[in-house]
Amino acid sequence: MADEKPKDQLLEHSYDGIQEYDNPMPRWWVITFWATIIFAVAYALNLGGIGVGAGRIAAYEREMAEFRAAHPAVKAPDPAALLAAVANADEVKEGKAIFTKNCTACHGPDGGGIIGPNLTDDYWIHGGKIEEIGATVTAGVLAKGMPTWGKILKPKEVEEVVAYVWTLHGTTPAKPKAPEGQLVPR
Ligand code: HEC
């Protein structure tokens, strides 16, 4: 039939003297056009990927669950281990070295505070118990710029640096930052 069709057939209508030929879109174009519409409907209905057997939302959830299983949240040190580190002069000394290397940029060389809060006073934003300090250091406060040290330092190093922070309490920093948070008398 396509062969019989006369080429460049003029349509009957004329607008302001302008006429047009009847040129249908090529078949490949029309097929692609309808295919995109069918694909859009299948996508919106969340039909499964070929061979996956689940919708893309379920596939996403599954991948996220796998990722979380492979990257467990870091565990905060337990209070007994922290108190043992405080009692051990070598571990506190190690902690001081870790503090000097990693923490002074934000908390000052003596813990008096710069960007980060003063660690020598009685005021704590995230709790002043030793296990609370351990939890804060482990998890960090990313929204405020405090890194997740549990993912950077080894668990032992977290214990040591927290033990050192614990010993900073009551010391007098050169330029103490004003207290922040709640009063937690020790
Ligand atoms: C890049 C800057 C930065 C570095 C480096 C940093 N901190 Fe912090 N830290 C902060 C900020 C900012 C806060 C306050 C978070 C908030 O306001 O919630 C904070 C809070 C804390 C707190 C909680 C204080 C409170 O009042 O509850 C502790 C404890 C702490 N940091 C310990 C450390 C230790 C230990 C290190 C090194 C291993 C360290 N920080 C390194 C920025 C930093």
# chains A, B, ... in the order shown; residues from 1 in each chain; ligands from 1
>>> residues_near_ligand(ligand="ligand 1", cutoff="9 Å", atoms="only C-alpha atoms and all ligand atoms", output="MDAnalysis selection string")
chainID A and resid 95 98:107 111 113:119 121:128 132:138 140:149 152:153 157:158 161:162 164:166 179:182
>>> select_by_dssp(residues="chain A", states="alpha helix (DSSP H)", output="VMD selection string")
chain A and resid 27 to 44 56 to 70 79 to 87 89 to 102 104 to 107 130 to 139 155 to 168
>>> atom_distance(atom1="CA of Val86 (chain A)", atom2="CA of Ala139 (chain A)")
20.3 Å
